[in-house]
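S.K.: My questions will all concern the structure given below.
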Amino acid sequence: FVNCPSEVVKTRLQSRENLSKYRNTPHAIVSIVKEEGIAAVYKGFEPMLWRNALWNGTFFAQTYYMKLILPEDMNLTLKSVLAGSSAGFIGCVVSNPVDVIKTRAQNVGLGQSLPYKWCLQGVVHVAKTEGPKALYKGFTSFAGRLTPGGGIIMLAYDAANRFLAKYI
């Protein structure tokens, strides 16, 4: 709920169709709300929830699994980074289709509409009309950010856990 407005603004600012429409982030926020209403900054909320749930659920399950199969005597820092990075990548594989739907929903401007209303309808529609490969548009940049990001998240998480276990 909290990050949906920033996701809408980011998507609009990155969109080819809006290159000359917004000068910067504050201008984009004001323009979107003024032209489309406050609800516009929550476009794509449902697929965003699915994307976050799929990525996070996959990430934590995969991290746990990776830590079980990596050698016990492996350096803890390396183990955290490998487990988190692989989990981040797998999370992207699982969640990219709904990220595509989220991005398309957030990029719909005033007077425009999509041929689907819900996330699952969107996934099915895109797969049927553009082919399953279209559900992985943007995968390289998505995974390029969240694969190393997953390693960093898990490294910080494990370090914080060790610190808290030692001092609390």
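Ligands are numbered from 1 in the order shown, chains are lettered A, B, ... in the order of the structure tokens, and residues start at 1 in each chain.
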List the neighbours of A:Pro71 out to 12 Å using only C-alpha atoms; skip same-chain residues closer than 4 positions along the sequence, and give me the result as a list in words.

M.R.: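 Final neighbour list, sorted by chain and number: Met66, Lys67, Asn75, Leu76, Leu78, Lys79, Ser80, Leu82 and Ala83 of chain A.
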
S.K.: Could you build a table of the residues in stretch 42-97 of chain A lying no more than 12 Å from stretch 7-21 of chain A, giving for each the nearest pair of atoms and their separation in Å rounded to one decimal place, using only C-alpha atoms, ordered by chain and ascending residue number, as CSV?

M.R.:
```
residue,atom,partner,partner_atom,distance
A:Tyr42,CA,A:Val8,CA,7.2
A:Lys43,CA,A:Val8,CA,7.0
A:Gly44,CA,A:Val8,CA,7.8
A:Phe45,CA,A:Val8,CA,9.3
A:Pro47,CA,A:Glu7,CA,11.7
A:Met48,CA,A:Glu7,CA,8.8
A:Leu49,CA,A:Glu7,CA,11.8
```

S.K.: Pick out the residues sitting within 10 Å of A:Ala159, and hand them over as a PyMOL selection string; count only C-alpha atoms, and ignore anything fewer than 4 positions along from it in its own chain.

M.R.: chain A and resi 76-77+80+153-155+163-165

S.K.: From a DSSP calculation on the backbone, collect every residue of stretch 74-158 of chain A in alpha helix (DSSP H) and output the set as a PyMOL selection string.

M.R.: chain A and resi 76-106+119-130+139-158

S.K.: Which is closer to A:Lys34 than all the others in A:Ile69, A:Ile168, A:Ala61, A:Leu110, using only C-alpha atoms?

M.R.: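 Of A:Ile69, A:Ile168, A:Ala61, A:Leu110, the one nearest A:Lys34, counting only C-alpha atoms, is A:Leu110.
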
S.K.: Here is a test: counting only C-alpha atoms, which residue of A:Ala160, A:Val98, A:Leu120, A:Ala127 is nearest to A:Trp55?

M.R.: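 Of A:Ala160, A:Val98, A:Leu120, A:Ala127, the one nearest A:Trp55, counting only C-alpha atoms, is A:Val98.
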
S.K.: Any idea what the distance is between atom CA of A:Leu135 and atom CA of A:Pro97?

M.R.: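 We find that atom CA of A:Leu135 and atom CA of A:Pro97 lie 4.5 Å from each other.
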
S.K.: What is the distance between atom CA of A:Gly109 and atom CA of A:Cys4, in Å to one decimal?

M.R.: 15.5 Å

S.K.: Any idea what's packed within 9 Å of A:Ser95, counting only C-alpha atoms, ignoring anything in its chain fewer than 5 positions away? Could you give it as a tab-separated table (two decimals) with N, CA, C and O atoms, in the first residue's frame?

M.R.:
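Result went into around.tsv, see below:
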```tsv
chain	number	residue	atom	x	y	z
A	50	TRP	N	0.61	-9.19	-5.52
A	50	TRP	CA	0.99	-10.53	-5.97
A	50	TRP	C	2.48	-10.61	-6.25
A	50	TRP	O	3.13	-11.59	-5.87
A	51	ARG	N	3.02	-9.62	-6.91
A	51	ARG	CA	4.46	-9.62	-7.21
A	51	ARG	C	5.27	-9.68	-5.92
A	51	ARG	O	6.19	-10.47	-5.78
A	52	ASN	N	4.91	-8.82	-4.95
A	52	ASN	CA	5.65	-8.79	-3.69
A	52	ASN	C	5.50	-10.11	-2.93
A	52	ASN	O	6.47	-10.61	-2.36
A	53	ALA	N	4.29	-10.65	-2.89
A	53	ALA	CA	4.05	-11.91	-2.18
A	53	ALA	C	4.82	-13.06	-2.83
A	53	ALA	O	5.46	-13.86	-2.14
A	54	LEU	N	4.78	-13.12	-4.16
A	54	LEU	CA	5.49	-14.19	-4.86
A	54	LEU	C	6.99	-14.07	-4.69
A	54	LEU	O	7.68	-15.05	-4.43
A	55	TRP	N	7.53	-12.85	-4.84
A	55	TRP	CA	8.97	-12.69	-4.73
A	55	TRP	C	9.43	-12.98	-3.30
A	55	TRP	O	10.36	-13.75	-3.08
A	58	THR	N	8.97	-16.73	-2.28
A	58	THR	CA	9.98	-17.55	-2.95
A	58	THR	C	11.36	-17.27	-2.38
A	58	THR	O	12.13	-18.20	-2.13
A	90	ILE	N	15.62	-16.71	-8.32
A	90	ILE	CA	14.44	-17.58	-8.43
A	90	ILE	C	13.16	-16.78	-8.16
A	90	ILE	O	12.14	-16.97	-8.82
A	100	VAL	N	5.14	-7.70	-14.94
A	100	VAL	CA	4.77	-7.16	-16.27
A	100	VAL	C	3.35	-6.60	-16.22
A	100	VAL	O	3.09	-5.49	-16.70
```

S.K.: Would you mind reading off the distance between atom CA of A:Ala87 and atom CA of A:Asn107, one decimal, in Å?

M.R.: 28.4 Å

S.K.: Excluding A:Ala156 and its own-chain neighbours fewer than 5 positions away, which residues fall within 10 Å of it when counting only C-alpha atoms? Please give them as number ranges by chain.

M.R.: A: 77, 80-81, 150-151, 161-162
